[in-house]
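Report on the structure given below.
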Amino acid sequence: MASIALPLVVVDWLSRRWDAAVAGAVVAHTLIGTASAEDPGWFLQAQALLMSIAVIVGMALRQYEHRLAELAEREARLRLEFENEELRVRSEIALALHDSIATDLAQVVVTGQNLSQDLPAGSERDRARAMVEAGQQAMVHLRGIMEGLRQSSSALRDEQVDLAATVAECRRMLESRGLGLEVDASMPWEELLRGVELPARRLLALVLREGAVNALKYAPDGSMVRVEVERVEGRVALEVSSARGAGQTRSDSAETMRRRGLSGGTGLSGLAMRAARFGGKVVYGPAGDRWLVGATVPVRSRAQVDYGAPDTSQIGEHR
């Protein structure tokens, strides 16, 4: 029994690099076995064969574990290089945004401020001030994006998303153009979002902003934007709907906004692709006399990422 068990011990100890212990155990077993064996010659031959096999297997396991350690070290090194390169690219993008869009926005804000000072008191001055406030808010968002780009992606994983604050932000934005915002939530935000992971929460916030921006560009003055949020069967559904202008066609509006540089036609389709990665869904399009943007996201403890193609069966053209 000792002769059978010893090779297993040798294999294990060799894989752990306990060479001295292996040598001691083999020598002790050989001396004891030779002294007590009826045929010492046969015992030594059997011992040599078993130990040879054990040494080969043990060294193979040692080499395998060494190779695994090398691969793990290489993976960590490549991950660090990737994060450094990603951070470099992010920094370059942030610098490009600063030198282009941020500069243009600053000029728009300054021009709006001068215009509001030159205009007499009244609705025109109020509109100019609203334009300045919108430009300043855009600069705040842009600075946040640039700061985020200067950080590595791992530093952004714990970022929190406050849907209530997003609603308040959208309400202020819409009120600047005479639009209202009405929210119908089936339960408090904390209960609605319990179990919803960060990517899904971020998607809901983006859909909410996208719906508000669409209403800001297209909805008639004085109309109401409605937001409905509910939690049903392990999913959270959010819908943003706004009135469509009389005689307004979706294609004409989209083409007009593209010419003016206010819409690229990719915002909502990009949101649909994001949602598909973690099992969510984004739909949009006309619903009677209103325009609707909706998103559903899963409620679960751990997202199962699916990098397949998104479901486009209900996806419409960007408004």
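Labels used: A, B, ... for chains in the order of the structure tokens, numbers from 1 for residues in each chain, and numbers from 1 for ligands as shown.
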Picked from region 19-239 of chain A by DSSP as alpha helix (DSSP H), as an MDAnalysis selection string: chainID A and resid 19:36 40:97 103:118 123:149 163:175 189:192 198:218
Secondary structure check, strand (DSSP E) residues of region 107-247 of chain A, as a PyMOL selection string: chain A and resi 180-185+224-232+235-243
Quick one: write out the picked residues with N, CA and C atoms as a PDB file, in the first residue's frame?
```
ATOM      1  N   GLY A 180     -44.122  71.258 -20.319  1.00  0.00           N
ATOM      2  CA  GLY A 180     -44.254  70.666 -19.000  1.00  0.00           C
ATOM      3  C   GLY A 180     -43.796  69.221 -18.982  1.00  0.00           C
ATOM      4  N   LEU A 181     -43.541  68.712 -17.788  1.00  0.00           N
ATOM      5  CA  LEU A 181     -43.119  67.315 -17.626  1.00  0.00           C
ATOM      6  C   LEU A 181     -43.951  66.688 -16.526  1.00  0.00           C
ATOM      7  N   GLU A 182     -44.596  65.585 -16.868  1.00  0.00           N
ATOM      8  CA  GLU A 182     -45.459  64.868 -15.928  1.00  0.00           C
ATOM      9  C   GLU A 182     -44.929  63.456 -15.758  1.00  0.00           C
ATOM     10  N   VAL A 183     -44.681  63.044 -14.511  1.00  0.00           N
ATOM     11  CA  VAL A 183     -44.097  61.730 -14.224  1.00  0.00           C
ATOM     12  C   VAL A 183     -45.117  60.876 -13.500  1.00  0.00           C
ATOM     13  N   ASP A 184     -45.348  59.677 -14.018  1.00  0.00           N
ATOM     14  CA  ASP A 184     -46.250  58.714 -13.404  1.00  0.00           C
ATOM     15  C   ASP A 184     -45.438  57.458 -13.094  1.00  0.00           C
ATOM     16  N   ALA A 185     -45.014  57.325 -11.833  1.00  0.00           N
ATOM     17  CA  ALA A 185     -44.217  56.174 -11.399  1.00  0.00           C
ATOM     18  C   ALA A 185     -45.075  55.282 -10.518  1.00  0.00           C
ATOM     19  N   MET A 224     -47.419  68.956 -23.051  1.00  0.00           N
ATOM     20  CA  MET A 224     -46.951  68.225 -21.880  1.00  0.00           C
ATOM     21  C   MET A 224     -46.193  66.967 -22.312  1.00  0.00           C
ATOM     22  N   VAL A 225     -45.039  66.760 -21.705  1.00  0.00           N
ATOM     23  CA  VAL A 225     -44.253  65.539 -21.913  1.00  0.00           C
ATOM     24  C   VAL A 225     -44.575  64.590 -20.766  1.00  0.00           C
ATOM     25  N   ARG A 226     -44.936  63.371 -21.100  1.00  0.00           N
ATOM     26  CA  ARG A 226     -45.317  62.399 -20.080  1.00  0.00           C
ATOM     27  C   ARG A 226     -44.255  61.316 -19.945  1.00  0.00           C
ATOM     28  N   VAL A 227     -43.929  60.988 -18.688  1.00  0.00           N
ATOM     29  CA  VAL A 227     -42.981  59.911 -18.378  1.00  0.00           C
ATOM     30  C   VAL A 227     -43.713  58.886 -17.519  1.00  0.00           C
ATOM     31  N   GLU A 228     -43.742  57.646 -17.967  1.00  0.00           N
ATOM     32  CA  GLU A 228     -44.374  56.563 -17.217  1.00  0.00           C
ATOM     33  C   GLU A 228     -43.329  55.499 -16.907  1.00  0.00           C
ATOM     34  N   VAL A 229     -43.250  55.113 -15.640  1.00  0.00           N
ATOM     35  CA  VAL A 229     -42.270  54.113 -15.197  1.00  0.00           C
ATOM     36  C   VAL A 229     -43.000  53.072 -14.360  1.00  0.00           C
ATOM     37  N   GLU A 230     -42.765  51.802 -14.668  1.00  0.00           N
ATOM     38  CA  GLU A 230     -43.358  50.732 -13.876  1.00  0.00           C
ATOM     39  C   GLU A 230     -42.431  49.528 -13.848  1.00  0.00           C
ATOM     40  N   ARG A 231     -42.656  48.696 -12.848  1.00  0.00           N
ATOM     41  CA  ARG A 231     -41.858  47.476 -12.672  1.00  0.00           C
ATOM     42  C   ARG A 231     -42.796  46.285 -12.729  1.00  0.00           C
ATOM     43  N   VAL A 232     -42.599  45.436 -13.747  1.00  0.00           N
ATOM     44  CA  VAL A 232     -43.500  44.312 -13.962  1.00  0.00           C
ATOM     45  C   VAL A 232     -42.687  43.084 -14.341  1.00  0.00           C
ATOM     46  N   ARG A 235     -38.853  43.203 -14.763  1.00  0.00           N
ATOM     47  CA  ARG A 235     -38.346  44.200 -15.699  1.00  0.00           C
ATOM     48  C   ARG A 235     -38.864  45.570 -15.302  1.00  0.00           C
ATOM     49  N   VAL A 236     -38.072  46.592 -15.621  1.00  0.00           N
ATOM     50  CA  VAL A 236     -38.487  47.975 -15.417  1.00  0.00           C
ATOM     51  C   VAL A 236     -38.707  48.596 -16.791  1.00  0.00           C
ATOM     52  N   ALA A 237     -39.875  49.188 -16.983  1.00  0.00           N
ATOM     53  CA  ALA A 237     -40.231  49.808 -18.260  1.00  0.00           C
ATOM     54  C   ALA A 237     -40.389  51.311 -18.064  1.00  0.00           C
ATOM     55  N   LEU A 238     -39.786  52.076 -18.957  1.00  0.00           N
ATOM     56  CA  LEU A 238     -39.870  53.539 -18.925  1.00  0.00           C
ATOM     57  C   LEU A 238     -40.312  54.029 -20.296  1.00  0.00           C
ATOM     58  N   GLU A 239     -41.305  54.903 -20.335  1.00  0.00           N
ATOM     59  CA  GLU A 239     -41.804  55.469 -21.588  1.00  0.00           C
ATOM     60  C   GLU A 239     -41.840  56.988 -21.481  1.00  0.00           C
ATOM     61  N   VAL A 240     -41.372  57.651 -22.524  1.00  0.00           N
ATOM     62  CA  VAL A 240     -41.424  59.108 -22.622  1.00  0.00           C
ATOM     63  C   VAL A 240     -42.207  59.433 -23.887  1.00  0.00           C
ATOM     64  N   SER A 241     -43.300  60.183 -23.749  1.00  0.00           N
ATOM     65  CA  SER A 241     -44.108  60.539 -24.912  1.00  0.00           C
ATOM     66  C   SER A 241     -44.316  62.045 -24.948  1.00  0.00           C
ATOM     67  N   SER A 242     -44.356  62.583 -26.150  1.00  0.00           N
ATOM     68  CA  SER A 242     -44.557  64.023 -26.339  1.00  0.00           C
ATOM     69  C   SER A 242     -45.454  64.234 -27.547  1.00  0.00           C
ATOM     70  N   ALA A 243     -46.149  65.376 -27.548  1.00  0.00           N
ATOM     71  CA  ALA A 243     -47.073  65.691 -28.637  1.00  0.00           C
ATOM     72  C   ALA A 243     -46.299  66.007 -29.912  1.00  0.00           C
TER      73      ALA A 243
END
```
Nearest candidate to Ala215 (chain A) (options A:Asp118, A:Glu124, A:Glu175, A:Glu85; using only C-alpha atoms):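 Using only C-alpha atoms, the shortest distance to Ala215 (chain A) belongs to A:Glu175.
With distances restricted to only C-alpha atoms, A:Ala138 is the closest residue to Val108 (chain A) from A:Leu179, A:Leu192, A:Ala138, A:Ala164.
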Point-to-point distance from CA of Val299 (chain A) to CA of Gly195 (chain A), Å rounded to tenths: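 Separation between CA of Val299 (chain A) and CA of Gly195 (chain A): 5.2 Å.
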Selection near region 37-51 of chain A, 8 Å with only C-alpha atoms, sequence-local residues under 4 positions removed, as a list of chain:residue names: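 Contacts, with the query itself left out: A:Ser3, A:Pro7, A:Val10, A:Thr30, A:Gly33, A:Val55.
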Residue nearest Val283 (chain A) - candidates A:Met139, A:Asp126, A:Gly211, A:Arg300, atoms counted: only C-alpha atoms: A:Gly211
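Ranking A:Arg143, A:Gly279, A:Arg172, A:Thr296 by their shortest atom-to-atom distance to Val207 (chain A), with only C-alpha atoms included, puts A:Thr296 first.
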Length of the CA of Ala275 (chain A) to CA of Leu203 (chain A) vector [Å]: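 About the pair CA of Ala275 (chain A) and CA of Leu203 (chain A): they are 7.0 Å apart.
The two atoms in question, CA of Val89 (chain A) and CA of Glu197 (chain A), are spaced 26.9 Å apart.
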Shell around Gln137 (chain A) at 9 Å using only C-alpha atoms, local window under 5 positions removed, as a PyMOL selection string: chain A and resi 132+142+173
Residues near Leu115 (chain A), cut-off 10 Å, only C-alpha atoms, skip fewer than 3 positions along chain, as a short mmCIF file (atom, residue, chain, number, x, y, z; two decimals) with all heavy atoms, in the first residue's frame:
```cif
data_model
loop_
_atom_site.label_atom_id
_atom_site.label_comp_id
_atom_site.auth_asym_id
_atom_site.auth_seq_id
_atom_site.Cartn_x
_atom_site.Cartn_y
_atom_site.Cartn_z
N VAL A 109 -22.49 80.95 -25.83
CA VAL A 109 -22.93 81.49 -24.54
C VAL A 109 -22.60 82.97 -24.45
O VAL A 109 -23.43 83.79 -24.02
CB VAL A 109 -22.28 80.71 -23.39
CG1 VAL A 109 -22.53 81.41 -22.06
CG2 VAL A 109 -22.83 79.29 -23.34
N VAL A 110 -21.38 83.35 -24.84
CA VAL A 110 -20.99 84.76 -24.78
C VAL A 110 -21.88 85.60 -25.70
O VAL A 110 -22.35 86.69 -25.33
CB VAL A 110 -19.51 84.92 -25.14
CG1 VAL A 110 -19.14 86.39 -25.29
CG2 VAL A 110 -18.64 84.27 -24.07
N THR A 111 -22.13 85.10 -26.91
CA THR A 111 -23.00 85.83 -27.84
C THR A 111 -24.41 85.97 -27.27
O THR A 111 -25.04 87.04 -27.38
CB THR A 111 -23.05 85.10 -29.19
OG1 THR A 111 -21.72 84.98 -29.70
CG2 THR A 111 -23.91 85.86 -30.18
N GLY A 112 -24.92 84.90 -26.67
CA GLY A 112 -26.25 84.96 -26.07
C GLY A 112 -26.31 85.95 -24.91
O GLY A 112 -27.30 86.66 -24.73
N ASP A 118 -28.47 93.43 -24.67
CA ASP A 118 -28.86 94.45 -25.64
C ASP A 118 -30.37 94.52 -25.85
O ASP A 118 -30.90 95.57 -26.22
CB ASP A 118 -28.17 94.20 -26.99
CG ASP A 118 -26.66 94.34 -26.89
OD1 ASP A 118 -26.19 94.99 -25.94
OD2 ASP A 118 -25.94 93.77 -27.76
N LEU A 119 -31.06 93.38 -25.64
CA LEU A 119 -32.50 93.35 -25.89
C LEU A 119 -33.26 94.02 -24.76
O LEU A 119 -32.85 93.96 -23.59
CB LEU A 119 -32.98 91.91 -26.04
CG LEU A 119 -32.55 91.16 -27.30
CD1 LEU A 119 -32.96 89.70 -27.21
CD2 LEU A 119 -33.17 91.81 -28.54
N PRO A 120 -34.38 94.67 -25.08
CA PRO A 120 -35.21 95.26 -24.01
C PRO A 120 -35.89 94.16 -23.20
O PRO A 120 -36.00 93.02 -23.63
CB PRO A 120 -36.23 96.10 -24.79
CG PRO A 120 -36.31 95.44 -26.13
CD PRO A 120 -34.93 94.92 -26.43
N GLU A 124 -38.41 88.42 -25.58
CA GLU A 124 -37.21 88.18 -26.38
C GLU A 124 -35.98 88.05 -25.49
O GLU A 124 -35.12 87.19 -25.71
CB GLU A 124 -37.02 89.31 -27.40
CG GLU A 124 -38.11 89.41 -28.44
CD GLU A 124 -38.20 88.13 -29.26
OE1 GLU A 124 -37.16 87.49 -29.48
OE2 GLU A 124 -39.32 87.77 -29.67
N ARG A 125 -35.88 88.92 -24.48
CA ARG A 125 -34.74 88.81 -23.55
C ARG A 125 -34.81 87.49 -22.78
O ARG A 125 -33.79 86.84 -22.56
CB ARG A 125 -34.73 89.98 -22.59
CG ARG A 125 -33.67 89.85 -21.50
CD ARG A 125 -33.63 91.02 -20.56
NE ARG A 125 -32.99 92.17 -21.20
CZ ARG A 125 -32.70 93.31 -20.55
NH1 ARG A 125 -33.00 93.42 -19.27
NH2 ARG A 125 -32.13 94.30 -21.20
N ALA A 128 -33.52 84.80 -24.96
CA ALA A 128 -32.06 84.85 -25.07
C ALA A 128 -31.42 84.30 -23.81
O ALA A 128 -30.42 83.57 -23.88
CB ALA A 128 -31.61 86.29 -25.32
N ARG A 129 -31.95 84.63 -22.63
CA ARG A 129 -31.40 84.09 -21.39
C ARG A 129 -31.59 82.57 -21.32
O ARG A 129 -30.71 81.86 -20.81
CB ARG A 129 -32.08 84.76 -20.20
CG ARG A 129 -31.64 86.22 -20.01
CD ARG A 129 -32.37 86.86 -18.84
NE ARG A 129 -31.90 88.22 -18.61
CZ ARG A 129 -32.42 89.06 -17.73
NH1 ARG A 129 -33.46 88.65 -16.98
NH2 ARG A 129 -31.94 90.27 -17.58
N VAL A 132 -28.89 81.10 -23.27
CA VAL A 132 -27.63 81.13 -22.53
C VAL A 132 -27.60 80.02 -21.49
O VAL A 132 -26.59 79.31 -21.34
CB VAL A 132 -27.43 82.50 -21.86
CG1 VAL A 132 -26.23 82.47 -20.93
CG2 VAL A 132 -27.24 83.58 -22.92
#
```
Spatial neighbours of Ser176 (chain A), 12 Å, only C-alpha atoms, chain gap at least 5 places, as a list of chain:residue names: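 Near neighbours after the sequence-gap exclusion: A:Ser123, A:Asp126, A:Arg127, A:Ala128, A:Arg129, A:Ala130, A:Met131, A:Val132, A:Glu133, A:Ala134, A:Gly135, A:Gln137, A:Glu169, A:Cys170, A:Arg171, A:Leu181, A:Ala212, A:Val213, A:Leu216, A:Asp221, A:Gly222.
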Among the residues A:Leu6, A:Trp18, A:Met146, A:Glu73, the one that comes closest to Ala96 (chain A) [using only C-alpha atoms]: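 Under the stated criterion, the closest residue is A:Met146.
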